[in-house]
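Peer 1: What follows is work27.cif, mmCIF, C-alpha atoms.
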```cif
data_coords
#
loop_
_atom_site.label_atom_id
_atom_site.label_comp_id
_atom_site.auth_asym_id
_atom_site.auth_seq_id
_atom_site.Cartn_x
_atom_site.Cartn_y
_atom_site.Cartn_z
CA MET A 1 -9.91 36.68 199.48
CA SER A 2 -8.55 36.20 195.96
CA LYS A 3 -5.32 34.29 195.41
CA ALA A 4 -3.60 37.39 193.99
CA ILE A 5 -4.45 39.57 196.99
CA LYS A 6 -3.56 36.82 199.46
CA GLN A 7 -0.15 36.45 197.80
CA TRP A 8 0.31 40.22 197.70
CA HIS A 9 -0.34 40.49 201.46
CA GLN A 10 2.14 37.67 202.09
CA LEU A 11 4.88 39.43 200.11
CA VAL A 12 4.28 42.72 201.96
CA GLU A 13 4.18 40.96 205.34
CA ASP A 14 7.45 39.13 204.62
CA ASN A 15 8.96 42.24 202.94
CA ASN A 16 9.80 39.91 200.07
CA PRO A 17 10.02 41.81 196.76
CA ALA A 18 11.73 38.78 195.19
CA GLY A 19 8.32 37.10 194.97
CA LEU A 20 6.90 39.92 192.84
CA ALA A 21 8.11 38.64 189.46
CA GLU A 22 5.86 35.58 189.72
CA LEU A 23 2.83 37.55 190.93
CA LEU A 24 2.87 40.19 188.18
CA ALA A 25 1.49 39.45 184.70
CA ASP A 26 3.92 40.13 181.84
CA ASP A 27 1.67 42.92 180.55
CA VAL A 28 0.95 44.47 183.97
CA VAL A 29 0.35 48.23 183.97
CA PHE A 30 1.55 50.35 186.92
CA TYR A 31 -0.12 53.72 187.61
CA SER A 32 2.01 55.99 189.81
CA PRO A 33 0.39 58.41 192.27
CA VAL A 34 2.80 61.09 190.99
CA VAL A 35 3.11 60.67 187.21
CA HIS A 36 0.24 60.55 184.71
CA THR A 37 1.75 58.19 182.13
CA PRO A 38 0.89 54.50 182.70
CA GLN A 39 4.00 52.31 183.07
CA HIS A 40 3.63 49.22 180.86
CA GLY A 41 5.24 45.84 181.45
CA LYS A 42 6.67 43.72 184.23
CA ALA A 43 10.17 45.25 184.17
CA ILE A 44 9.10 48.82 184.99
CA ALA A 45 6.38 47.69 187.42
CA LEU A 46 9.00 45.63 189.28
CA LYS A 47 11.23 48.69 189.49
CA TYR A 48 8.49 50.80 191.08
CA LEU A 49 7.18 48.11 193.43
CA THR A 50 10.65 46.98 194.55
CA ALA A 51 11.40 50.60 195.48
CA ALA A 52 8.08 50.75 197.35
CA PHE A 53 9.05 47.66 199.35
CA ALA A 54 12.30 49.39 200.32
CA VAL A 55 10.94 52.79 201.34
CA LEU A 56 7.23 52.35 202.15
CA PHE A 57 6.38 48.77 203.18
CA ASN A 58 8.23 48.76 206.45
CA GLY A 59 8.09 50.45 209.82
CA SER A 60 4.64 51.91 210.41
CA PHE A 61 3.07 50.72 207.13
CA ARG A 62 -0.26 48.94 207.58
CA TYR A 63 -3.34 48.12 205.53
CA VAL A 64 -6.49 49.49 207.21
CA ARG A 65 -9.34 48.61 204.82
CA GLU A 66 -10.11 46.30 201.93
CA ILE A 67 -13.01 46.30 199.46
CA ALA A 68 -12.91 43.55 196.85
CA SER A 69 -14.87 42.38 193.83
CA GLU A 70 -14.33 39.27 191.68
CA ARG A 71 -11.53 40.80 189.64
CA ASP A 72 -10.19 43.82 191.48
CA ALA A 73 -9.72 45.16 194.99
CA LEU A 74 -9.06 48.34 196.90
CA LEU A 75 -6.49 48.15 199.71
CA GLU A 76 -6.27 51.28 201.86
CA PHE A 77 -3.05 51.90 203.78
CA GLU A 78 -1.50 54.28 206.29
CA LEU A 79 2.09 54.96 207.26
CA GLU A 80 4.31 57.67 208.62
CA LEU A 81 7.16 58.75 206.35
CA ASP A 82 9.80 61.19 207.61
CA GLY A 83 7.29 62.36 210.21
CA ILE A 84 4.53 62.94 207.62
CA ALA A 85 1.20 61.06 207.86
CA VAL A 86 0.52 59.22 204.60
CA ASN A 87 -2.87 57.70 203.67
CA GLY A 88 -3.27 55.92 200.35
CA ILE A 89 -4.78 53.15 198.30
CA ASP A 90 -3.60 50.32 196.10
CA LEU A 91 -6.15 49.51 193.40
CA ILE A 92 -5.25 46.05 192.11
CA SER A 93 -6.72 43.99 189.23
CA TRP A 94 -5.83 40.41 188.35
CA ASN A 95 -6.38 37.84 185.59
CA ASP A 96 -7.77 34.30 185.62
CA ALA A 97 -4.31 32.94 186.42
CA GLY A 98 -4.24 35.04 189.62
CA GLN A 99 -1.54 37.37 188.30
CA ILE A 100 -1.75 41.12 188.84
CA THR A 101 -2.59 42.97 185.61
CA GLU A 102 -3.09 46.51 186.96
CA PHE A 103 -1.60 48.24 190.00
CA LYS A 104 -2.70 51.82 190.68
CA VAL A 105 -1.63 53.91 193.67
CA MET A 106 -3.12 57.14 195.04
CA VAL A 107 -1.91 59.05 198.10
CA ARG A 108 -3.28 61.85 200.30
CA PRO A 109 -2.84 64.44 201.65
CA ARG A 110 -0.62 66.66 199.47
CA LYS A 111 2.23 66.58 202.01
CA GLY A 112 1.97 62.78 202.09
CA LEU A 113 2.19 62.61 198.31
CA GLU A 114 5.26 64.87 198.36
CA ALA A 115 6.93 62.67 200.99
CA VAL A 116 6.23 59.51 198.96
CA ALA A 117 7.42 61.14 195.72
CA ALA A 118 10.68 62.26 197.36
CA ALA A 119 11.37 58.89 199.00
CA MET A 120 10.61 56.94 195.80
CA PHE A 121 12.73 59.31 193.68
CA ASN A 122 15.69 58.97 196.03
CA GLU A 123 15.38 55.18 196.07
CA MET A 124 14.92 54.77 192.30
CA SER A 125 17.70 57.19 191.39
CA GLY A 126 20.12 55.60 193.86
CA ARG A 127 20.34 58.64 196.15
CA GLN A 128 20.31 58.34 199.91
CA MET B 1 -26.20 49.02 194.70
CA SER B 2 -26.73 50.54 198.14
CA LYS B 3 -29.32 53.26 198.62
CA ALA B 4 -26.66 55.79 199.63
CA ILE B 5 -24.55 55.20 196.51
CA LYS B 6 -27.61 55.19 194.25
CA GLN B 7 -28.67 58.56 195.68
CA TRP B 8 -25.14 59.92 195.40
CA HIS B 9 -24.99 59.00 191.69
CA GLN B 10 -28.38 60.65 191.15
CA LEU B 11 -27.21 63.91 192.76
CA VAL B 12 -24.02 63.96 190.65
CA GLU B 13 -25.95 63.12 187.47
CA ASP B 14 -28.47 65.91 188.12
CA ASN B 15 -25.73 68.26 189.39
CA ASN B 16 -27.97 68.79 192.40
CA PRO B 17 -25.94 69.76 195.49
CA ALA B 18 -29.18 70.84 197.20
CA GLY B 19 -29.95 67.16 197.82
CA LEU B 20 -26.72 66.66 199.76
CA ALA B 21 -28.01 67.83 203.16
CA GLU B 22 -30.44 64.90 203.34
CA LEU B 23 -27.88 62.34 202.19
CA LEU B 24 -25.13 63.26 204.67
CA ALA B 25 -25.24 62.07 208.29
CA ASP B 26 -24.98 64.84 210.90
CA ASP B 27 -21.64 63.45 212.09
CA VAL B 28 -20.20 62.82 208.59
CA VAL B 29 -16.41 63.13 208.29
CA PHE B 30 -14.88 64.51 205.08
CA TYR B 31 -11.27 63.66 204.18
CA SER B 32 -9.77 66.05 201.63
CA PRO B 33 -7.19 64.84 199.08
CA VAL B 34 -5.11 67.92 199.92
CA VAL B 35 -5.32 68.48 203.68
CA HIS B 36 -4.55 65.92 206.40
CA THR B 37 -7.02 67.06 209.07
CA PRO B 38 -10.41 65.27 208.91
CA GLN B 39 -13.32 67.72 208.52
CA HIS B 40 -16.04 66.83 211.04
CA GLY B 41 -19.75 67.49 210.65
CA LYS B 42 -22.35 68.13 207.98
CA ALA B 43 -21.72 71.88 207.65
CA ILE B 44 -18.08 71.63 206.59
CA ALA B 45 -18.68 68.50 204.47
CA LEU B 46 -21.45 70.36 202.63
CA LYS B 47 -19.06 73.23 201.97
CA TYR B 48 -16.46 70.95 200.38
CA LEU B 49 -18.91 68.83 198.40
CA THR B 50 -20.93 71.80 197.14
CA ALA B 51 -17.68 73.30 195.82
CA ALA B 52 -16.87 69.96 194.19
CA PHE B 53 -20.24 69.98 192.43
CA ALA B 54 -19.43 73.44 191.07
CA VAL B 55 -15.88 72.85 189.82
CA LEU B 56 -15.45 69.07 189.34
CA PHE B 57 -18.78 67.30 188.71
CA ASN B 58 -19.48 68.80 185.32
CA GLY B 59 -18.05 68.76 181.82
CA SER B 60 -15.85 65.71 181.35
CA PHE B 61 -16.37 64.19 184.85
CA ARG B 62 -17.31 60.51 184.79
CA TYR B 63 -17.20 57.52 187.14
CA VAL B 64 -15.23 54.66 185.56
CA ARG B 65 -15.19 51.90 188.23
CA GLU B 66 -17.03 50.89 191.38
CA ILE B 67 -16.13 48.31 194.04
CA ALA B 68 -18.61 47.99 196.89
CA SER B 69 -19.06 46.11 200.14
CA GLU B 70 -22.03 46.09 202.52
CA ARG B 71 -21.09 49.35 204.19
CA ASP B 72 -18.63 51.20 201.99
CA ALA B 73 -17.71 51.64 198.35
CA LEU B 74 -14.93 52.87 196.11
CA LEU B 75 -15.97 55.04 193.16
CA GLU B 76 -13.15 55.79 190.71
CA PHE B 77 -13.50 58.87 188.51
CA GLU B 78 -11.77 60.71 185.67
CA LEU B 79 -12.06 64.26 184.40
CA GLU B 80 -10.07 66.93 182.61
CA LEU B 81 -9.56 70.16 184.55
CA ASP B 82 -7.94 73.17 182.89
CA GLY B 83 -6.37 70.79 180.37
CA ILE B 84 -4.96 68.48 183.10
CA ALA B 85 -5.98 64.80 183.28
CA VAL B 86 -7.35 64.00 186.75
CA ASN B 87 -7.91 60.45 188.06
CA GLY B 88 -9.30 59.95 191.54
CA ILE B 89 -11.45 58.01 193.95
CA ASP B 90 -14.32 58.69 196.31
CA LEU B 91 -14.27 56.28 199.26
CA ILE B 92 -17.74 56.44 200.81
CA SER B 93 -19.16 54.80 203.96
CA TRP B 94 -22.80 54.88 205.10
CA ASN B 95 -24.93 53.99 208.13
CA ASP B 96 -28.01 51.79 208.52
CA ALA B 97 -30.23 54.74 207.61
CA GLY B 98 -28.45 55.03 204.24
CA GLN B 99 -26.77 58.30 205.13
CA ILE B 100 -23.13 58.96 204.27
CA THR B 101 -20.89 58.88 207.36
CA GLU B 102 -17.44 59.12 205.72
CA PHE B 103 -16.35 60.68 202.44
CA LYS B 104 -12.69 60.41 201.49
CA VAL B 105 -11.15 61.68 198.26
CA MET B 106 -7.77 60.88 196.69
CA VAL B 107 -6.44 62.21 193.39
CA ARG B 108 -3.58 61.35 191.03
CA PRO B 109 -1.27 62.29 189.43
CA ARG B 110 0.50 65.17 191.23
CA LYS B 111 -0.47 67.66 188.50
CA GLY B 112 -4.09 66.50 188.78
CA LEU B 113 -4.01 67.02 192.55
CA GLU B 114 -2.58 70.52 192.06
CA ALA B 115 -5.32 71.36 189.53
CA VAL B 116 -8.05 70.11 191.91
CA ALA B 117 -6.53 71.96 194.87
CA ALA B 118 -6.37 75.23 192.91
CA ALA B 119 -9.92 74.94 191.54
CA MET B 120 -11.38 74.03 194.96
CA PHE B 121 -9.46 76.82 196.70
CA ASN B 122 -10.70 79.40 194.18
CA GLU B 123 -14.30 78.19 194.51
CA MET B 124 -14.30 78.01 198.33
CA SER B 125 -12.58 81.35 198.80
CA GLY B 126 -14.91 83.06 196.33
CA ARG B 127 -12.18 83.82 193.76
CA GLN B 128 -12.75 83.35 190.03
#
```
Since I need it in another form, could you write the structure as C-alpha coordinates?
Peer 2:
Amino acid sequence: MSKAIKQWHQLVEDNNPAGLAELLADDVVFYSPVVHTPQHGKAIALKYLTAAFAVLFNGSFRYVREIASERDALLEFELELDGIAVNGIDLISWNDAGQITEFKVMVRPRKGLEAVAAAMFNEMSGRQ
Amino acid sequence: MSKAIKQWHQLVEDNNPAGLAELLADDVVFYSPVVHTPQHGKAIALKYLTAAFAVLFNGSFRYVREIASERDALLEFELELDGIAVNGIDLISWNDAGQITEFKVMVRPRKGLEAVAAAMFNEMSGRQ
(Lines of atoms letter the chains of each structure in order from A and count residues from 1; the text may use other names and numbers.)
(Lines give C-alpha, C1' and ligand atoms only; values in the text may rest on other atoms or scores of the structure.)
Protein backbone atom coordinates (compact mmCIF):
# COMPACT_ATOMS: atom_id res chain seq x y z
CA MET A 1 0.00 0.00 0.00
CA SER A 2 1.28 3.48 -0.85
CA LYS A 3 2.54 5.77 1.90
CA ALA A 4 -0.23 8.30 1.22
CA ILE A 5 -3.02 5.74 1.53
CA LYS A 6 -1.45 4.14 4.60
CA GLN A 7 -1.29 7.55 6.28
CA TRP A 8 -4.84 8.36 5.20
CA HIS A 9 -6.14 5.13 6.78
CA GLN A 10 -4.26 5.94 9.98
CA LEU A 11 -5.82 9.41 10.22
CA VAL A 12 -9.33 7.99 9.65
CA GLU A 13 -8.76 5.18 12.16
CA ASP A 14 -7.51 7.63 14.81
CA ASN A 15 -10.17 10.22 13.82
CA ASN A 16 -7.28 12.67 13.63
CA PRO A 17 -8.03 15.53 11.20
CA ALA A 18 -5.08 17.48 12.65
CA GLY A 19 -2.75 15.24 10.64
CA LEU A 20 -4.38 16.25 7.35
CA ALA A 21 -2.38 19.43 6.76
CA GLU A 22 0.83 17.44 6.36
CA LEU A 23 -0.74 14.79 4.12
CA LEU A 24 -2.32 17.19 1.61
CA ALA A 25 -0.24 18.83 -1.13
CA ASP A 26 -0.47 22.64 -1.24
CA ASP A 27 -2.17 22.48 -4.64
CA VAL A 28 -4.54 19.61 -3.77
CA VAL A 29 -7.90 19.64 -5.57
CA PHE A 30 -11.04 18.44 -3.77
CA TYR A 31 -14.03 17.22 -5.81
CA SER A 32 -17.27 17.20 -3.81
CA PRO A 33 -19.95 14.57 -4.46
CA VAL A 34 -22.53 17.39 -4.40
CA VAL A 35 -21.01 20.40 -6.19
CA HIS A 36 -19.50 20.42 -9.69
CA THR A 37 -16.81 23.08 -9.21
CA PRO A 38 -13.40 21.67 -8.17
CA GLN A 39 -12.14 23.15 -4.89
CA HIS A 40 -8.50 24.23 -5.31
CA GLY A 41 -5.90 24.44 -2.56
CA LYS A 42 -5.12 23.02 0.85
CA ALA A 43 -7.24 25.51 2.84
CA ILE A 44 -10.59 24.61 1.22
CA ALA A 45 -9.74 20.88 1.03
CA LEU A 46 -8.97 20.94 4.77
CA LYS A 47 -12.34 22.57 5.42
CA TYR A 48 -14.22 19.84 3.56
CA LEU A 49 -12.21 16.92 4.93
CA THR A 50 -12.24 18.19 8.52
CA ALA A 51 -16.04 18.39 8.29
CA ALA A 52 -16.08 14.84 6.88
CA PHE A 53 -14.06 13.61 9.86
CA ALA A 54 -16.64 15.18 12.17
CA VAL A 55 -19.84 13.91 10.53
CA LEU A 56 -18.91 10.86 8.44
CA PHE A 57 -15.75 9.13 9.70
CA ASN A 58 -17.16 7.85 12.94
CA GLY A 59 -19.77 5.41 14.16
CA SER A 60 -20.59 2.90 11.44
CA PHE A 61 -18.13 4.23 8.84
CA ARG A 62 -15.93 1.53 7.30
CA TYR A 63 -13.88 0.99 4.16
CA VAL A 64 -15.02 -2.16 2.32
CA ARG A 65 -12.86 -2.30 -0.83
CA GLU A 66 -9.64 -0.88 -2.22
CA ILE A 67 -8.25 -0.89 -5.77
CA ALA A 68 -4.89 0.83 -6.20
CA SER A 69 -2.45 1.70 -8.95
CA GLU A 70 1.00 3.32 -8.67
CA ARG A 71 -0.35 6.84 -8.33
CA ASP A 72 -4.01 6.67 -7.39
CA ALA A 73 -6.46 4.47 -5.51
CA LEU A 74 -10.15 3.82 -5.08
CA LEU A 75 -11.40 3.35 -1.51
CA GLU A 76 -15.02 2.22 -1.25
CA PHE A 77 -16.88 2.93 1.99
CA GLU A 78 -20.20 2.30 3.71
CA LEU A 79 -21.88 3.98 6.65
CA GLU A 80 -25.29 4.69 8.08
CA LEU A 81 -26.16 8.37 8.48
CA ASP A 82 -29.36 9.40 10.25
CA GLY A 83 -30.75 5.95 9.48
CA ILE A 84 -29.88 6.19 5.76
CA ALA A 85 -27.53 3.64 4.13
CA VAL A 86 -24.65 5.45 2.43
CA ASN A 87 -22.25 3.79 -0.04
CA GLY A 88 -19.46 5.83 -1.60
CA ILE A 89 -15.93 6.08 -2.88
CA ASP A 90 -12.86 8.18 -2.25
CA LEU A 91 -10.72 8.47 -5.38
CA ILE A 92 -7.31 9.64 -4.21
CA SER A 93 -4.18 10.63 -6.19
CA TRP A 94 -0.76 11.46 -4.75
CA ASN A 95 2.60 12.89 -5.82
CA ASP A 96 6.16 11.56 -5.53
CA ALA A 97 6.44 13.05 -2.04
CA GLY A 98 3.47 10.92 -0.91
CA GLN A 99 1.17 13.93 -0.54
CA ILE A 100 -2.43 13.81 -1.74
CA THR A 101 -2.94 15.91 -4.88
CA GLU A 102 -6.54 14.97 -5.75
CA PHE A 103 -9.41 13.84 -3.54
CA LYS A 104 -12.71 13.02 -5.25
CA VAL A 105 -15.82 11.70 -3.50
CA MET A 106 -18.93 10.07 -4.98
CA VAL A 107 -21.92 8.75 -3.03
CA ARG A 108 -24.93 6.53 -3.78
CA PRO A 109 -27.84 6.09 -3.62
CA ARG A 110 -29.67 9.43 -4.05
CA LYS A 111 -30.99 9.34 -0.47
CA GLY A 112 -27.45 8.68 0.76
CA LEU A 113 -26.14 11.66 -1.19
CA GLU A 114 -28.88 13.86 0.27
CA ALA A 115 -28.03 12.70 3.81
CA VAL A 116 -24.31 13.43 3.27
CA ALA A 117 -25.04 16.83 1.69
CA ALA A 118 -27.28 17.82 4.62
CA ALA A 119 -24.82 16.65 7.29
CA MET A 120 -21.85 18.35 5.60
CA PHE A 121 -23.81 21.59 5.08
CA ASN A 122 -24.85 21.69 8.73
CA GLU A 123 -21.29 21.04 9.90
CA MET A 124 -19.62 23.53 7.54
CA SER A 125 -22.15 26.29 8.18
CA GLY A 126 -21.96 25.81 11.95
CA ARG A 127 -25.55 24.57 12.33
CA GLN A 128 -26.46 21.68 14.57
CA MET B 1 -6.51 -5.52 -19.17
CA SER B 2 -8.90 -8.29 -18.14
CA LYS B 3 -11.03 -10.02 -20.74
CA ALA B 4 -14.25 -8.77 -19.12
CA ILE B 5 -13.15 -5.12 -19.16
CA LYS B 6 -11.78 -5.40 -22.70
CA GLN B 7 -15.14 -6.78 -23.88
CA TRP B 8 -17.04 -4.13 -21.94
CA HIS B 9 -15.04 -1.34 -23.63
CA GLN B 10 -15.69 -2.93 -27.03
CA LEU B 11 -19.46 -3.03 -26.42
CA VAL B 12 -19.50 0.63 -25.31
CA GLU B 13 -17.31 1.69 -28.25
CA ASP B 14 -19.57 -0.11 -30.74
CA ASN B 15 -22.73 0.97 -28.85
CA ASN B 16 -23.70 -2.69 -28.96
CA PRO B 17 -26.00 -3.60 -26.04
CA ALA B 18 -26.88 -6.86 -27.82
CA GLY B 19 -23.51 -8.25 -26.70
CA LEU B 20 -24.33 -7.68 -23.03
CA ALA B 21 -26.23 -10.94 -22.45
CA GLU B 22 -23.07 -12.98 -23.07
CA LEU B 23 -20.86 -10.75 -20.92
CA LEU B 24 -23.08 -10.73 -17.82
CA ALA B 25 -23.10 -13.68 -15.38
CA ASP B 26 -26.55 -15.16 -14.70
CA ASP B 27 -26.34 -14.05 -11.06
CA VAL B 28 -24.94 -10.56 -11.78
CA VAL B 29 -25.92 -7.84 -9.29
CA PHE B 30 -26.50 -4.27 -10.51
CA TYR B 31 -26.18 -1.35 -8.07
CA SER B 32 -27.89 1.81 -9.30
CA PRO B 33 -26.49 5.26 -8.44
CA VAL B 34 -30.04 6.33 -7.54
CA VAL B 35 -31.71 3.41 -5.74
CA HIS B 36 -30.37 1.57 -2.68
CA THR B 37 -31.75 -1.91 -3.37
CA PRO B 38 -29.34 -4.19 -5.30
CA GLN B 39 -30.88 -5.50 -8.55
CA HIS B 40 -30.29 -9.26 -8.78
CA GLY B 41 -30.01 -11.29 -11.97
CA LYS B 42 -29.21 -10.89 -15.64
CA ALA B 43 -32.71 -9.80 -16.73
CA ILE B 44 -32.90 -6.67 -14.57
CA ALA B 45 -29.20 -5.81 -15.10
CA LEU B 46 -29.76 -6.01 -18.86
CA LYS B 47 -32.70 -3.64 -18.53
CA TYR B 48 -30.63 -1.02 -16.70
CA LEU B 49 -27.53 -1.35 -18.87
CA THR B 50 -29.46 -1.37 -22.15
CA ALA B 51 -31.11 1.89 -21.07
CA ALA B 52 -27.67 3.27 -20.20
CA PHE B 53 -26.42 2.42 -23.70
CA ALA B 54 -29.36 4.36 -25.14
CA VAL B 55 -29.15 7.53 -23.04
CA LEU B 56 -25.60 7.75 -21.63
CA PHE B 57 -23.06 5.87 -23.79
CA ASN B 58 -23.23 8.14 -26.80
CA GLY B 59 -22.37 11.70 -27.75
CA SER B 60 -19.86 13.13 -25.30
CA PHE B 61 -19.46 9.99 -23.12
CA ARG B 62 -15.84 9.00 -22.50
CA TYR B 63 -13.85 6.96 -19.99
CA VAL B 64 -11.11 9.10 -18.41
CA ARG B 65 -9.42 6.80 -15.85
CA GLU B 66 -9.10 3.12 -15.02
CA ILE B 67 -7.74 1.40 -11.90
CA ALA B 68 -7.84 -2.39 -11.98
CA SER B 69 -7.03 -5.34 -9.75
CA GLU B 70 -7.16 -9.06 -10.56
CA ARG B 71 -10.90 -9.34 -10.08
CA ASP B 72 -12.42 -5.88 -10.21
CA ALA B 73 -11.86 -2.50 -11.79
CA LEU B 74 -12.87 1.13 -11.49
CA LEU B 75 -13.72 2.93 -14.73
CA GLU B 76 -14.22 6.69 -14.35
CA PHE B 77 -16.30 8.47 -16.98
CA GLU B 78 -17.46 11.94 -18.01
CA LEU B 79 -20.28 13.12 -20.23
CA GLU B 80 -22.60 16.05 -20.77
CA LEU B 81 -26.31 15.29 -20.45
CA ASP B 82 -28.90 17.93 -21.31
CA GLY B 83 -26.22 20.58 -20.74
CA ILE B 84 -25.25 19.17 -17.30
CA ALA B 85 -21.69 17.96 -16.61
CA VAL B 86 -21.77 14.36 -15.33
CA ASN B 87 -18.78 12.60 -13.71
CA GLY B 88 -19.14 9.03 -12.55
CA ILE B 89 -17.66 5.60 -12.04
CA ASP B 90 -18.44 2.04 -13.02
CA LEU B 91 -17.16 -0.43 -10.43
CA ILE B 92 -17.08 -3.82 -12.14
CA SER B 93 -16.27 -7.30 -10.77
CA TRP B 94 -15.94 -10.51 -12.82
CA ASN B 95 -15.64 -14.27 -12.32
CA ASP B 96 -13.09 -16.80 -13.56
CA ALA B 97 -15.07 -17.22 -16.78
CA GLY B 98 -14.63 -13.49 -17.51
CA GLN B 99 -18.30 -12.71 -16.96
CA ILE B 100 -19.38 -9.63 -15.02
CA THR B 101 -20.76 -10.52 -11.57
CA GLU B 102 -21.19 -7.03 -10.06
CA PHE B 103 -21.81 -3.67 -11.72
CA LYS B 104 -22.02 -0.62 -9.48
CA VAL B 105 -22.48 2.96 -10.67
CA MET B 106 -21.95 6.24 -8.80
CA VAL B 107 -22.41 9.74 -10.21
CA ARG B 108 -21.46 13.27 -9.15
CA PRO B 109 -22.30 16.08 -8.71
CA ARG B 110 -25.90 16.20 -7.43
CA LYS B 111 -27.13 17.91 -10.61
CA GLY B 112 -25.40 15.22 -12.68
CA LEU B 113 -27.10 12.48 -10.65
CA GLU B 114 -30.47 14.19 -11.15
CA ALA B 115 -29.88 14.41 -14.92
CA VAL B 116 -28.91 10.71 -15.10
CA ALA B 117 -31.88 9.67 -12.95
CA ALA B 118 -34.31 11.62 -15.14
CA ALA B 119 -32.87 10.33 -18.43
CA MET B 120 -32.81 6.70 -17.20
CA PHE B 121 -36.35 6.95 -15.81
CA ASN B 122 -37.68 8.34 -19.10
CA GLU B 123 -35.91 5.63 -21.12
CA MET B 124 -36.96 2.72 -18.86
CA SER B 125 -40.56 3.86 -18.53
CA GLY B 126 -40.87 4.42 -22.29
CA ARG B 127 -41.32 8.20 -22.03
CA GLN B 128 -39.59 10.59 -24.42
Peer 1: Quick one: distance from atom CA of B:Glu80 to atom CA of B:Ala115 in Å, one decimal?
Peer 2: 9.5 Å
Peer 1: Taking only C-alpha atoms into account, find every residue of chain B that has an atom no more than 9 Å from chain A, and write it out as a count of residues only.
Peer 2: 28
Peer 1: Would you mind reading off the distance between atom CA of B:Phe61 and atom CA of B:Phe77, one decimal, in Å?
Peer 2: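 Computing it gives 7.1 Å between the two atoms.
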Peer 1: Evaluate the PyMOL selection byres ((chain A and resi 40-57) around 7) and record the selected residues as a list in words, following the chain and residue labels used in the document.
Peer 2: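 Output from the PyMOL selection byres ((chain A and resi 40-57) around 7), applied to this file: Val12, Asn15, Pro17, Leu24, Ala25, Asp26, Asp27, Val28, Val29, Phe30, Pro38, Gln39, Asn58, Phe61, Ala119, Met120, Glu123 and Met124 of chain A.
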Peer 1: What is the distance between atom CA of B:Ala4 and atom CA of A:Glu78, in Å to one decimal?
Peer 2: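 Interatomic distance here is 26.1 Å.
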Peer 1: List, as number ranges by chain, every residue that the PyMOL selection byres ((chain A and resi 98) around 8) selects in the file provided.
Peer 2: A: 2-4, 23, 94-97, 99-100
Peer 1: Please produce a file of the residues just selected, as an mmCIF file, in the coordinates of the input, where the atoms kept are C-alpha atoms.
Peer 2:
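To be explicit, this is the file written out as result-v6.cif:
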```
data_model
loop_
_atom_site.group_PDB
_atom_site.id
_atom_site.type_symbol
_atom_site.label_atom_id
_atom_site.label_comp_id
_atom_site.auth_asym_id
_atom_site.auth_seq_id
_atom_site.Cartn_x
_atom_site.Cartn_y
_atom_site.Cartn_z
ATOM 1 C CA SER A 2 -8.550 36.200 195.960
ATOM 2 C CA LYS A 3 -5.320 34.290 195.410
ATOM 3 C CA ALA A 4 -3.600 37.390 193.990
ATOM 4 C CA LEU A 23 2.830 37.550 190.930
ATOM 5 C CA TRP A 94 -5.830 40.410 188.350
ATOM 6 C CA ASN A 95 -6.380 37.840 185.590
ATOM 7 C CA ASP A 96 -7.770 34.300 185.620
ATOM 8 C CA ALA A 97 -4.310 32.940 186.420
ATOM 9 C CA GLN A 99 -1.540 37.370 188.300
ATOM 10 C CA ILE A 100 -1.750 41.120 188.840
#
```
